[in-house]
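Chemist: Next up, query.txt (compact mmCIF, C-alpha atoms and all ligand atoms).
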```txt
# COMPACT_ATOMS: atom_id res chain seq x y z
CA SER A 1 7.29 289.35 -39.04
CA LYS A 2 8.29 291.52 -41.98
CA GLY A 3 8.81 289.68 -45.21
CA LEU A 4 8.06 286.25 -43.78
CA ASN A 5 4.96 284.57 -45.18
CA VAL A 6 4.31 281.85 -42.60
CA ALA A 7 1.16 280.65 -44.39
CA GLU A 8 3.22 280.04 -47.51
CA ILE A 9 5.93 278.27 -45.50
CA ARG A 10 3.32 276.09 -43.79
CA SER A 11 1.83 275.08 -47.10
CA LYS A 12 5.10 273.31 -47.90
CA PHE A 13 4.61 270.95 -44.92
CA PRO A 14 1.83 268.46 -45.74
CA VAL A 15 2.06 266.79 -42.32
CA LEU A 16 1.01 270.01 -40.56
CA ASP A 17 -2.30 270.00 -42.41
CA GLN A 18 -4.16 267.42 -40.34
CA GLU A 19 -6.39 267.02 -37.33
CA VAL A 20 -5.24 265.18 -34.23
CA ASN A 21 -7.95 264.12 -31.80
CA GLY A 22 -10.42 266.23 -33.71
CA LYS A 23 -8.33 269.41 -33.46
CA PRO A 24 -5.91 271.00 -35.92
CA LEU A 25 -2.40 269.76 -35.19
CA ALA A 26 -0.15 272.28 -33.43
CA TYR A 27 3.31 270.74 -33.64
CA PHE A 28 5.59 272.00 -30.87
CA ASP A 29 8.05 269.09 -30.72
CA ASN A 30 10.57 270.60 -33.09
CA ALA A 31 13.57 270.14 -30.80
CA ALA A 32 12.99 266.38 -31.07
CA THR A 33 12.61 266.51 -34.84
CA THR A 34 11.32 269.06 -37.31
CA GLN A 35 8.78 268.32 -40.04
CA LYS A 36 9.97 268.06 -43.65
CA PRO A 37 9.01 270.41 -46.48
CA GLN A 38 7.63 269.11 -49.78
CA GLU A 39 11.01 269.75 -51.47
CA VAL A 40 12.65 267.19 -49.18
CA LEU A 41 9.90 264.61 -49.76
CA ASP A 42 10.13 265.21 -53.51
CA ALA A 43 13.92 264.90 -53.49
CA LEU A 44 13.65 261.48 -51.79
CA ASN A 45 11.15 260.23 -54.36
CA GLU A 46 13.02 261.77 -57.26
CA TYR A 47 16.22 260.06 -56.15
CA TYR A 48 14.65 256.60 -55.90
CA GLU A 49 12.57 257.05 -59.06
CA ASN A 50 15.37 258.24 -61.32
CA HIS A 51 18.88 257.91 -59.96
CA ASN A 52 19.12 255.16 -57.34
CA SER A 53 22.53 253.50 -57.44
CA ASN A 54 25.43 252.82 -55.13
CA ILE A 55 27.93 255.66 -55.04
CA HIS A 56 31.65 256.07 -55.73
CA ARG A 57 32.38 252.65 -57.20
CA GLY A 58 30.34 252.22 -60.37
CA ALA A 59 31.44 252.84 -63.94
CA HIS A 60 27.85 253.34 -65.09
CA THR A 61 25.82 256.49 -65.53
CA LEU A 62 23.43 256.10 -62.62
CA ALA A 63 26.30 255.46 -60.22
CA GLY A 64 27.93 258.66 -61.43
CA ARG A 65 24.72 260.63 -60.97
CA ALA A 66 24.10 259.25 -57.48
CA THR A 67 27.69 260.08 -56.54
CA ASP A 68 27.35 263.63 -57.85
CA LEU A 69 24.12 264.17 -55.90
CA PHE A 70 25.65 262.76 -52.72
CA GLU A 71 28.74 264.96 -53.07
CA LYS A 72 26.60 267.99 -53.92
CA THR A 73 25.09 267.78 -50.43
CA ARG A 74 28.60 267.64 -48.98
CA SER A 75 29.40 270.90 -50.77
CA SER A 76 26.21 272.49 -49.46
CA VAL A 77 27.03 271.40 -45.91
CA ARG A 78 30.53 272.84 -46.27
CA ALA A 79 29.05 276.21 -47.22
CA PHE A 80 26.34 275.93 -44.53
CA ILE A 81 28.94 275.76 -41.73
CA ASN A 82 31.73 277.56 -43.63
CA ALA A 83 34.12 274.63 -43.33
CA PRO A 84 37.42 275.27 -45.13
CA SER A 85 37.04 272.18 -47.34
CA VAL A 86 34.60 269.40 -48.28
CA GLU A 87 37.11 266.83 -47.01
CA GLU A 88 36.37 268.02 -43.47
CA VAL A 89 32.66 267.18 -43.80
CA ILE A 90 31.88 263.58 -42.83
CA PHE A 91 28.43 262.05 -43.18
CA THR A 92 27.20 260.13 -40.16
CA LYS A 93 23.90 258.74 -38.93
CA GLY A 94 23.36 261.74 -36.67
CA THR A 95 24.73 263.75 -33.78
CA THR A 96 25.02 260.67 -31.58
CA ASP A 97 27.01 258.83 -34.24
CA GLY A 98 29.34 261.83 -34.71
CA ILE A 99 30.11 262.06 -30.99
CA ASN A 100 30.72 258.32 -30.78
CA LEU A 101 33.01 258.57 -33.79
CA VAL A 102 35.14 261.21 -32.08
CA ALA A 103 35.16 259.32 -28.76
CA SER A 104 36.16 256.06 -30.46
CA THR A 105 38.91 257.50 -32.64
CA PHE A 106 40.28 260.79 -31.29
CA GLY A 107 39.36 259.83 -27.74
CA LYS A 108 40.72 256.31 -27.83
CA THR A 109 44.02 257.53 -29.31
CA TYR A 110 44.71 260.81 -27.55
CA ILE A 111 42.92 260.64 -24.19
CA GLY A 112 44.86 258.42 -21.79
CA ALA A 113 45.21 257.57 -18.12
CA GLY A 114 44.87 260.64 -15.92
CA ASP A 115 43.83 262.89 -18.82
CA GLU A 116 40.69 264.93 -18.43
CA VAL A 117 37.54 265.45 -20.49
CA ILE A 118 35.22 268.31 -19.61
CA ILE A 119 31.49 268.25 -20.36
CA SER A 120 28.62 270.14 -18.73
CA THR A 121 25.60 269.41 -16.56
CA MET A 122 23.27 270.32 -19.43
CA GLU A 123 24.54 267.74 -21.91
CA HIS A 124 22.25 265.37 -23.78
CA HIS A 125 22.95 261.75 -22.83
CA SER A 126 24.61 261.33 -26.23
CA ASN A 127 27.28 263.82 -25.15
CA ILE A 128 27.72 262.17 -21.75
CA VAL A 129 27.69 258.42 -22.15
CA PRO A 130 30.34 258.10 -24.93
CA TRP A 131 32.76 260.11 -22.73
CA GLN A 132 31.92 258.05 -19.65
CA MET A 133 32.61 254.88 -21.64
CA LEU A 134 35.88 256.29 -22.96
CA CYS A 135 37.03 257.52 -19.55
CA GLU A 136 36.26 254.14 -18.02
CA THR A 137 38.22 252.26 -20.68
CA ASN A 138 41.18 254.65 -20.86
CA LYS A 139 41.24 255.57 -17.14
CA ALA A 140 40.64 259.22 -17.91
CA VAL A 141 38.70 261.64 -15.70
CA LEU A 142 35.37 263.26 -16.59
CA LYS A 143 34.82 266.78 -15.21
CA ILE A 144 31.47 268.55 -15.21
CA ILE A 145 30.73 272.28 -15.65
CA PRO A 146 27.91 273.24 -13.26
CA VAL A 147 24.69 275.01 -14.29
CA SER A 148 23.12 278.03 -12.55
CA ASP A 149 19.49 278.40 -11.43
CA THR A 150 18.69 280.20 -14.68
CA GLY A 151 20.08 277.28 -16.68
CA GLU A 152 23.38 278.85 -17.72
CA LEU A 153 26.87 277.41 -17.53
CA ASP A 154 29.12 278.62 -14.71
CA LEU A 155 32.00 279.99 -16.76
CA GLN A 156 34.17 280.72 -13.75
CA ALA A 157 33.88 277.09 -12.71
CA TYR A 158 34.70 276.10 -16.30
CA GLU A 159 37.92 278.11 -16.23
CA GLU A 160 38.87 276.46 -12.96
CA LEU A 161 38.19 272.99 -14.36
CA LEU A 162 40.48 273.55 -17.34
CA SER A 163 43.96 272.24 -16.68
CA GLU A 164 47.09 271.01 -18.40
CA ARG A 165 45.47 267.59 -18.30
CA THR A 166 42.36 268.65 -20.22
CA LYS A 167 42.44 266.96 -23.61
CA LEU A 168 38.92 267.67 -24.79
CA VAL A 169 35.92 269.83 -23.93
CA ALA A 170 32.57 268.65 -25.33
CA VAL A 171 29.68 271.05 -24.81
CA VAL A 172 26.25 271.61 -26.29
CA HIS A 173 25.80 274.84 -28.30
CA ALA A 174 22.10 275.16 -27.44
CA SER A 175 20.39 273.03 -24.80
CA ASN A 176 17.58 270.81 -26.04
CA ALA A 177 15.97 270.76 -22.59
CA LEU A 178 16.17 274.48 -21.71
CA GLY A 179 17.03 276.32 -24.89
CA THR A 180 20.08 278.02 -23.34
CA ILE A 181 22.61 279.21 -25.91
CA ASN A 182 26.08 278.70 -24.50
CA PRO A 183 28.93 281.18 -25.20
CA ILE A 184 30.90 278.54 -27.05
CA LYS A 185 33.19 280.87 -28.97
CA LYS A 186 34.65 282.15 -25.72
CA MET A 187 34.68 278.65 -24.25
CA ILE A 188 36.58 277.32 -27.26
CA GLN A 189 39.19 280.05 -26.90
CA LEU A 190 39.66 279.22 -23.21
CA ALA A 191 40.09 275.52 -24.05
CA HIS A 192 42.62 276.32 -26.75
CA ASP A 193 44.58 278.53 -24.34
CA ARG A 194 45.13 275.33 -22.33
CA GLY A 195 45.92 273.22 -25.38
CA ALA A 196 42.61 271.33 -25.21
CA ARG A 197 40.42 270.45 -28.18
CA PHE A 198 36.74 271.39 -28.34
CA LEU A 199 33.73 269.49 -29.68
CA VAL A 200 30.49 271.39 -30.21
CA ASP A 201 27.21 269.45 -30.02
CA GLY A 202 25.26 271.46 -32.58
CA ALA A 203 22.14 269.27 -32.59
CA GLN A 204 19.96 272.17 -31.44
CA SER A 205 21.80 275.16 -32.85
CA LEU A 206 22.15 274.64 -36.59
CA ALA A 207 18.42 275.12 -37.26
CA HIS A 208 18.37 278.46 -35.47
CA LEU A 209 21.78 280.10 -35.32
CA ASP A 210 24.47 280.96 -37.81
CA VAL A 211 27.30 278.54 -37.18
CA ASP A 212 30.66 279.26 -38.78
CA VAL A 213 33.26 276.68 -37.80
CA GLN A 214 36.15 278.92 -38.81
CA ASP A 215 34.87 281.85 -36.80
CA LEU A 216 34.21 279.60 -33.79
CA ASP A 217 37.51 277.78 -34.35
CA CYS A 218 35.93 274.59 -32.99
CA ASP A 219 37.83 271.35 -33.53
CA PHE A 220 34.71 269.23 -34.04
CA LEU A 221 31.04 270.01 -34.68
CA THR A 222 28.27 267.42 -34.86
CA PHE A 223 24.64 267.79 -35.86
CA SER A 224 21.63 265.92 -37.26
CA ALA A 225 19.77 266.63 -40.51
CA HIS A 226 16.41 265.66 -39.04
CA LYS A 227 16.41 268.63 -36.68
CA LEU A 228 16.82 271.05 -39.56
CA TYR A 229 13.95 270.07 -41.84
CA GLY A 230 15.93 267.18 -43.34
CA PRO A 231 15.51 263.41 -43.24
CA THR A 232 16.26 261.12 -40.31
CA GLY A 233 19.35 258.91 -40.41
CA VAL A 234 21.77 261.58 -41.62
CA GLY A 235 24.19 263.63 -39.61
CA VAL A 236 27.37 265.58 -40.09
CA LEU A 237 30.67 265.55 -38.30
CA TYR A 238 32.94 268.45 -39.11
CA GLY A 239 36.53 268.10 -37.93
CA LYS A 240 39.69 270.07 -38.54
CA ARG A 241 41.74 268.49 -41.30
CA GLU A 242 44.88 267.87 -39.26
CA LEU A 243 42.86 266.05 -36.61
CA LEU A 244 40.84 263.94 -39.04
CA GLU A 245 43.98 262.97 -40.91
CA ALA A 246 45.76 261.92 -37.72
CA MET A 247 42.81 260.03 -36.24
CA PRO A 248 42.44 256.28 -36.87
CA PRO A 249 39.34 255.10 -38.78
CA TYR A 250 36.05 254.53 -36.94
CA GLN A 251 34.62 251.46 -38.67
CA GLY A 252 36.35 249.14 -41.11
CA GLY A 253 34.77 248.15 -44.40
CA GLY A 254 34.24 249.13 -47.99
CA GLU A 255 35.05 252.62 -49.24
CA MET A 256 37.22 253.55 -46.24
CA ILE A 257 40.28 251.72 -47.58
CA ARG A 258 42.93 252.45 -50.16
CA GLU A 259 44.25 248.91 -50.49
CA VAL A 260 43.43 245.71 -48.65
CA THR A 261 45.80 242.79 -48.40
CA PHE A 262 46.01 240.21 -45.63
CA ALA A 263 49.46 241.54 -44.82
CA LYS A 264 48.42 245.17 -44.45
CA THR A 265 45.50 247.46 -45.24
CA THR A 266 45.92 251.14 -45.98
CA TYR A 267 43.17 253.68 -45.48
CA ASN A 268 41.44 256.08 -47.80
CA ASP A 269 41.79 259.86 -47.56
CA ILE A 270 39.34 261.94 -45.53
CA PRO A 271 36.37 262.12 -45.55
CA TYR A 272 36.01 258.58 -46.97
CA LYS A 273 38.23 257.11 -44.26
CA PHE A 274 35.31 257.71 -41.88
CA GLU A 275 32.51 256.59 -44.19
CA ALA A 276 32.75 252.80 -44.23
CA GLY A 277 30.05 250.93 -46.10
CA THR A 278 27.12 252.11 -48.20
CA PRO A 279 25.94 255.33 -46.60
CA ASN A 280 22.37 256.61 -46.34
CA ILE A 281 22.55 257.91 -49.90
CA ALA A 282 18.92 258.89 -50.51
CA ASP A 283 18.58 260.81 -47.27
CA VAL A 284 21.90 262.60 -47.77
CA VAL A 285 20.70 263.60 -51.25
CA ALA A 286 17.37 264.85 -49.87
CA PHE A 287 19.17 266.74 -47.09
CA ASP A 288 20.38 269.14 -49.77
CA ALA A 289 16.78 270.23 -50.33
CA ALA A 290 16.43 270.95 -46.60
CA LEU A 291 19.51 273.16 -46.69
CA ALA A 292 18.09 274.96 -49.73
CA PHE A 293 14.82 275.46 -47.81
CA ILE A 294 16.70 277.08 -44.92
CA ARG A 295 18.74 279.23 -47.29
CA SER A 296 15.60 280.38 -49.10
CA ILE A 297 14.26 281.88 -45.86
CA GLY A 298 17.56 282.80 -44.21
CA LYS A 299 18.68 282.08 -40.67
CA LYS A 300 18.12 285.66 -39.63
CA ARG A 301 14.43 285.61 -40.56
CA ILE A 302 14.01 282.13 -39.08
CA GLN A 303 15.48 283.41 -35.84
CA GLU A 304 13.30 286.52 -35.80
CA GLN A 305 10.16 284.46 -36.32
CA GLU A 306 11.13 281.94 -33.64
CA ASN A 307 12.21 284.57 -31.11
CA GLN A 308 8.91 286.30 -31.59
CA LEU A 309 7.04 283.03 -31.05
CA LEU A 310 9.04 282.28 -27.90
CA ALA A 311 8.49 285.76 -26.49
CA HIS A 312 4.76 285.50 -27.18
CA ALA A 313 4.54 282.06 -25.54
CA VAL A 314 6.50 283.09 -22.44
CA GLU A 315 4.55 286.31 -22.03
CA LEU A 316 1.20 284.51 -22.18
CA CYS A 317 2.08 281.44 -20.17
CA SER A 318 3.78 283.39 -17.38
CA GLN A 319 0.32 284.66 -16.47
CA ILE A 320 -0.93 281.14 -15.75
CA ASN A 321 -1.34 280.27 -12.09
CA GLY A 322 0.94 277.27 -11.46
CA PHE A 323 3.14 277.74 -14.55
CA ILE A 324 6.80 277.27 -13.57
CA PRO A 325 9.38 278.03 -16.27
CA VAL A 326 12.53 275.91 -16.25
CA GLY A 327 15.53 277.59 -17.85
CA THR A 328 15.32 281.36 -18.02
CA ALA A 329 18.62 282.19 -19.69
CA ARG A 330 18.82 285.49 -21.54
CA GLU A 331 20.16 283.87 -24.69
CA LYS A 332 17.86 281.08 -25.83
CA VAL A 333 16.74 279.22 -28.90
CA SER A 334 12.97 278.75 -29.20
CA VAL A 335 12.45 276.22 -26.41
CA MET A 336 9.97 276.76 -23.58
CA SER A 337 10.46 274.18 -20.82
CA PHE A 338 8.11 274.27 -17.84
CA THR A 339 6.20 272.38 -15.23
CA ILE A 340 2.67 272.91 -13.93
CA ARG A 341 2.51 272.95 -10.15
CA ASN A 342 0.94 269.84 -8.62
CA MET A 343 0.87 268.06 -11.96
CA HIS A 344 3.02 265.42 -13.60
CA PRO A 345 4.54 266.60 -16.92
CA PHE A 346 3.29 263.47 -18.68
CA ASP A 347 -0.31 264.19 -17.68
CA VAL A 348 0.03 267.74 -19.00
CA GLY A 349 1.39 266.35 -22.28
CA MET A 350 -1.51 263.90 -22.61
CA MET A 351 -4.08 266.63 -22.03
CA LEU A 352 -2.39 268.88 -24.58
CA ASP A 353 -2.39 266.00 -27.07
CA ALA A 354 -6.14 265.67 -26.58
CA ALA A 355 -6.31 269.29 -27.74
CA GLY A 356 -4.20 268.50 -30.84
CA ILE A 357 -1.06 270.06 -29.37
CA ALA A 358 2.20 268.08 -29.63
CA VAL A 359 4.79 268.72 -26.92
CA ARG A 360 7.48 266.54 -25.39
CA THR A 361 7.49 265.56 -21.74
CA GLY A 362 10.07 263.85 -19.57
CA HIS A 363 13.79 264.21 -18.96
CA HIS A 364 14.63 265.00 -22.61
CA CYS A 365 17.69 262.69 -22.42
CA THR A 366 19.20 265.11 -19.89
CA GLN A 367 18.75 263.31 -16.58
CA PRO A 368 21.70 264.98 -14.81
CA LEU A 369 20.24 268.38 -15.73
CA MET A 370 16.82 267.39 -14.40
CA ASP A 371 18.52 266.19 -11.19
CA ARG A 372 20.21 269.58 -10.93
CA PHE A 373 16.78 271.21 -10.87
CA GLY A 374 15.30 268.54 -8.61
CA LEU A 375 12.86 267.54 -11.35
CA GLU A 376 11.88 264.25 -12.90
CA GLY A 377 11.09 266.04 -16.11
CA THR A 378 9.44 269.02 -17.75
CA VAL A 379 6.96 269.81 -20.48
CA ARG A 380 8.77 271.22 -23.50
CA ALA A 381 7.27 273.27 -26.30
CA SER A 382 9.84 273.98 -29.00
CA PHE A 383 9.04 276.21 -31.94
CA ALA A 384 10.03 276.18 -35.60
CA VAL A 385 9.66 278.64 -38.44
CA TYR A 386 6.26 277.25 -39.46
CA ASN A 387 4.60 277.77 -36.06
CA THR A 388 2.16 280.64 -35.56
CA ASN A 389 0.96 282.92 -32.79
CA GLU A 390 -2.51 281.42 -33.20
CA GLU A 391 -1.09 278.00 -32.33
CA ILE A 392 0.62 279.48 -29.28
CA ASP A 393 -2.65 281.09 -28.22
CA ARG A 394 -4.20 277.62 -28.31
CA LEU A 395 -1.33 276.27 -26.18
CA TYR A 396 -1.94 279.05 -23.67
CA GLU A 397 -5.70 278.51 -23.57
CA SER A 398 -5.28 274.77 -23.08
CA LEU A 399 -2.69 275.27 -20.35
CA VAL A 400 -4.98 277.68 -18.51
CA ARG A 401 -7.67 274.99 -18.50
CA ILE A 402 -5.23 272.22 -17.52
CA ALA A 403 -3.50 274.17 -14.74
CA LYS A 404 -6.83 275.15 -13.19
CA ARG A 405 -7.56 271.53 -12.29
CA LYS A 406 -4.85 271.48 -9.62
CA ASN A 407 -4.09 275.15 -8.96
N1 LIG A 501 22.45 266.48 -28.56
C1 LIG A 501 21.38 267.26 -28.40
C2 LIG A 501 21.52 268.58 -27.72
C3 LIG A 501 20.15 266.83 -28.88
O1 LIG A 501 19.07 267.59 -28.72
C4 LIG A 501 20.05 265.58 -29.53
C5 LIG A 501 18.73 265.07 -30.07
N2 LIG A 501 17.67 265.14 -29.15
C6 LIG A 501 21.21 264.82 -29.68
C7 LIG A 501 22.39 265.30 -29.19
C8 LIG A 501 21.20 263.49 -30.37
O2 LIG A 501 20.84 263.64 -31.70
P1 LIG A 501 20.46 262.35 -32.57
O3 LIG A 501 19.42 261.62 -31.77
O4 LIG A 501 19.90 262.94 -33.83
O5 LIG A 501 21.69 261.56 -32.76
```
Produce structure tokens that represent the structure in this file.
Modeler:
Amino acid sequence: SKGLNVAEIRSKFPVLDQEVNGKPLAYFDNAATTQKPQEVLDALNEYYENHNSNIHRGAHTLAGRATDLFEKTRSSVRAFINAPSVEEVIFTKGTTDGINLVASTFGKTYIGAGDEVIISTMEHHSNIVPWQMLCETNKAVLKIIPVSDTGELDLQAYEELLSERTKLVAVVHASNALGTINPIKKMIQLAHDRGARFLVDGAQSLAHLDVDVQDLDCDFLTFSAHKLYGPTGVGVLYGKRELLEAMPPYQGGGEMIREVTFAKTTYNDIPYKFEAGTPNIADVVAFDAALAFIRSIGKKRIQEQENQLLAHAVELCSQINGFIPVGTAREKVSVMSFTIRNMHPFDVGMMLDAAGIAVRTGHHCTQPLMDRFGLEGTVRASFAVYNTNEEIDRLYESLVRIAKRKN
């Protein structure tokens, strides 16, 4: 697409430049985790080679530098999601950790017997199980928004599920299994009209879509750095200040306290109240380079490139005899989920791997969604900014060959 030099972008990703099973690697498992550009790898090395120190507590120079680098990423994240303040940006281990934090603190405190939590059929297990655990412990009720045949949420059913007893709605912004982009801004407004809070699972949206927490007016947003060209082991929880300040701490330990005595311990201010112990400093520091990488291209151009790739893939693959798309929503991120008639998704994945093509197969941690479609799993090709039409042509050609065996 105009102005986007994909060859130049690819050259920043050393891992892409290799052969797998004798064929050039075509990496289409980006919804599981994206590859990391050289800037991120360099930032990790640079941190350990020159600055490594524990943050926040030291009087010495290296500790000050490490702290500054760590807090610099917090500022970048604030800008990235347009949070009102850096205090509302909490570092976690990932999306899963962020959701568990909210369930264990906000949930434990404010969601009681007979209260209701609403999630949807298309949630990742990490946005199902913490709420099931909470509802079981606190005797609350879990309600589920149904999904249509095209893989979209039934908004009418959602409105009917909302009640005076709804305390929290937790819904995925973009589905990892289908790619569906949910109309969360409208959904948040509807929840707020009933006095309910709203958590957005942004694991799959931040790499593709502009996300502005003030525009959305979401109460919580969680995402993972590793799905947006950053390192593993780092995530972000954004929460509105008044909620974070009222919520009890998640874990107890160093850094999250103001004063500890055996008589009484007082807690630190946000965000530190939720960051007990030594965090994943190096990976947080390197995450800043991933955000800079995204900024340098721009979300709009990333989206254009990915939409083009998705359209090309769908157009080609739809011609294959036995190709069955799963999830045909109008608004999608660059995920193509499908099955091949008469074939097990895992076998399709193995044959693609033999051709150097990396896809994910299985239930994608969305078993209730697979049940909804009467499937055990799908094959999922998910595209990132560094993928090319030539790679998609190879996917198509391989799928033609594979599908022919049983169709
Ligand atoms: N939600 C969604 C929609 C996801 O795609 C994922 C990752 N597959 C998660 C939550 C969990 O993210 P993580 O494993 O990074 O905690």
Chemist: Which residues are near ligand LIG 501 (chain A) - at most 10 Å, using all atoms listed in the file? Format: as a ChimeraX atom specification.
Modeler: /A:30-33,92-100,122-128,171-179,200-205,222-227,232-235,364-366
Chemist: Atoms to include: C-alpha atoms. Write the selected residues as a PDB file, in the frame of the given file.
Modeler:
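What follows is the written file again.pdb:
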```
ATOM      1  CA  ASN A  30      10.570 270.600 -33.090  1.00  0.00           C
ATOM      2  CA  ALA A  31      13.570 270.140 -30.800  1.00  0.00           C
ATOM      3  CA  ALA A  32      12.990 266.380 -31.070  1.00  0.00           C
ATOM      4  CA  THR A  33      12.610 266.510 -34.840  1.00  0.00           C
ATOM      5  CA  THR A  92      27.200 260.130 -40.160  1.00  0.00           C
ATOM      6  CA  LYS A  93      23.900 258.740 -38.930  1.00  0.00           C
ATOM      7  CA  GLY A  94      23.360 261.740 -36.670  1.00  0.00           C
ATOM      8  CA  THR A  95      24.730 263.750 -33.780  1.00  0.00           C
ATOM      9  CA  THR A  96      25.020 260.670 -31.580  1.00  0.00           C
ATOM     10  CA  ASP A  97      27.010 258.830 -34.240  1.00  0.00           C
ATOM     11  CA  GLY A  98      29.340 261.830 -34.710  1.00  0.00           C
ATOM     12  CA  ILE A  99      30.110 262.060 -30.990  1.00  0.00           C
ATOM     13  CA  ASN A 100      30.720 258.320 -30.780  1.00  0.00           C
ATOM     14  CA  MET A 122      23.270 270.320 -19.430  1.00  0.00           C
ATOM     15  CA  GLU A 123      24.540 267.740 -21.910  1.00  0.00           C
ATOM     16  CA  HIS A 124      22.250 265.370 -23.780  1.00  0.00           C
ATOM     17  CA  HIS A 125      22.950 261.750 -22.830  1.00  0.00           C
ATOM     18  CA  SER A 126      24.610 261.330 -26.230  1.00  0.00           C
ATOM     19  CA  ASN A 127      27.280 263.820 -25.150  1.00  0.00           C
ATOM     20  CA  ILE A 128      27.720 262.170 -21.750  1.00  0.00           C
ATOM     21  CA  VAL A 171      29.680 271.050 -24.810  1.00  0.00           C
ATOM     22  CA  VAL A 172      26.250 271.610 -26.290  1.00  0.00           C
ATOM     23  CA  HIS A 173      25.800 274.840 -28.300  1.00  0.00           C
ATOM     24  CA  ALA A 174      22.100 275.160 -27.440  1.00  0.00           C
ATOM     25  CA  SER A 175      20.390 273.030 -24.800  1.00  0.00           C
ATOM     26  CA  ASN A 176      17.580 270.810 -26.040  1.00  0.00           C
ATOM     27  CA  ALA A 177      15.970 270.760 -22.590  1.00  0.00           C
ATOM     28  CA  LEU A 178      16.170 274.480 -21.710  1.00  0.00           C
ATOM     29  CA  GLY A 179      17.030 276.320 -24.890  1.00  0.00           C
ATOM     30  CA  VAL A 200      30.490 271.390 -30.210  1.00  0.00           C
ATOM     31  CA  ASP A 201      27.210 269.450 -30.020  1.00  0.00           C
ATOM     32  CA  GLY A 202      25.260 271.460 -32.580  1.00  0.00           C
ATOM     33  CA  ALA A 203      22.140 269.270 -32.590  1.00  0.00           C
ATOM     34  CA  GLN A 204      19.960 272.170 -31.440  1.00  0.00           C
ATOM     35  CA  SER A 205      21.800 275.160 -32.850  1.00  0.00           C
ATOM     36  CA  THR A 222      28.270 267.420 -34.860  1.00  0.00           C
ATOM     37  CA  PHE A 223      24.640 267.790 -35.860  1.00  0.00           C
ATOM     38  CA  SER A 224      21.630 265.920 -37.260  1.00  0.00           C
ATOM     39  CA  ALA A 225      19.770 266.630 -40.510  1.00  0.00           C
ATOM     40  CA  HIS A 226      16.410 265.660 -39.040  1.00  0.00           C
ATOM     41  CA  LYS A 227      16.410 268.630 -36.680  1.00  0.00           C
ATOM     42  CA  THR A 232      16.260 261.120 -40.310  1.00  0.00           C
ATOM     43  CA  GLY A 233      19.350 258.910 -40.410  1.00  0.00           C
ATOM     44  CA  VAL A 234      21.770 261.580 -41.620  1.00  0.00           C
ATOM     45  CA  GLY A 235      24.190 263.630 -39.610  1.00  0.00           C
ATOM     46  CA  HIS A 364      14.630 265.000 -22.610  1.00  0.00           C
ATOM     47  CA  CYS A 365      17.690 262.690 -22.420  1.00  0.00           C
ATOM     48  CA  THR A 366      19.200 265.110 -19.890  1.00  0.00           C
TER      49      THR A 366
END
```
Chemist: Just the number, please: distance in Å from CA of Phe293 in chain A to CA of Ile55 in chain A, one decimal.
Modeler: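 Going from CA of Phe293 in chain A over to CA of Ile55 in chain A covers 24.8 Å.
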Chemist: Which residues, written as number ranges by chain, have at least one atom at most 12 Å from Arg295 in chain A, with all atoms listed in the file counted and residues fewer than 5 positions away on the same chain left out?
Modeler: A: 76-77, 79-80, 207-208, 210, 228-229, 288-290, 300-302
Chemist: In Å to one decimal, how far is CA of Ala384 in chain A from CA of Ile294 in chain A?
Modeler: 11.5 Å
Chemist: Can you list, as a list of chain:residue names, every protein, DNA or RNA residue that comes within 10 Å of Ile9 in chain A when you count all atoms listed in the file, leaving out same-chain residues fewer than 4 positions away?
Modeler: A:Leu4, A:Asn5, A:Phe13, A:Pro37, A:Phe293, A:Ile297, A:Val385, A:Tyr386, A:Asn387
Chemist: CA of Leu155 in chain A and CA of Thr121 in chain A are how many Å apart?
Modeler: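 Here the two named atoms are 12.4 Å from each other.
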Chemist: Would you compute, for all listed atoms of range 285-288 of chain A, the axis-aligned bounding box grown by 8 Å on each side, and then report its centre and edge lengths in Å rounded to one decimal, as AutoDock Vina command-line options?
Modeler:
```
--center_x 19.0 --center_y 266.4 --center_z -49.2 --size_x 19.3 --size_y 21.5 --size_z 20.2
```
Chemist: Restricting the calculation to only C-alpha atoms, which member of A:Pro368, A:Val359, A:Phe373, A:Val285 is positioned closest to Phe28 in chain A?
Modeler: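 Once distances to Phe28 in chain A are computed over only C-alpha atoms, the minimum belongs to A:Val359.
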Chemist: Between A:Thr109, A:Ser337, A:Thr137, A:Gln303, which residue has the minimum interatomic distance to Ala381 in chain A, considering all atoms listed in the file?
Modeler: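 So, comparing all the options, the nearest one is A:Ser337.
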Chemist: Which residues are near Thr278 in chain A? Cut-off 10 Å, only C-alpha atoms, ignore same chain within fewer than 2 positions. Put them as a compact mmCIF listing (two decimals) with C-alpha atoms, in the coordinates of the input.
Modeler:
```txt
# COMPACT_ATOMS: atom_id res chain seq x y z
CA ASN A 54 25.43 252.82 -55.13
CA ILE A 55 27.93 255.66 -55.04
CA HIS A 56 31.65 256.07 -55.73
CA GLY A 253 34.77 248.15 -44.40
CA GLY A 254 34.24 249.13 -47.99
CA GLU A 255 35.05 252.62 -49.24
CA GLU A 275 32.51 256.59 -44.19
CA ALA A 276 32.75 252.80 -44.23
CA ASN A 280 22.37 256.61 -46.34
CA ILE A 281 22.55 257.91 -49.90
```
Chemist: Which neighbours of Leu375 in chain A fall inside 9 Å, counting all atoms listed in the file, when residues of the same chain fewer than 6 positions from it are skipped, and could you give them as a PyMOL selection string?
Modeler: chain A and resi 363+367+369
Chemist: Got a sec: who's within 10 Å of Ile320 in chain A, counting all atoms listed in the file, leaving out chain neighbours fewer than 6 positions off, as a list of chain:residue names?
Modeler: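 The residues that qualify are A:Ile340, A:Tyr396, A:Glu397, A:Leu399, A:Val400, A:Arg401, A:Ala403, A:Lys404, A:Asn407.
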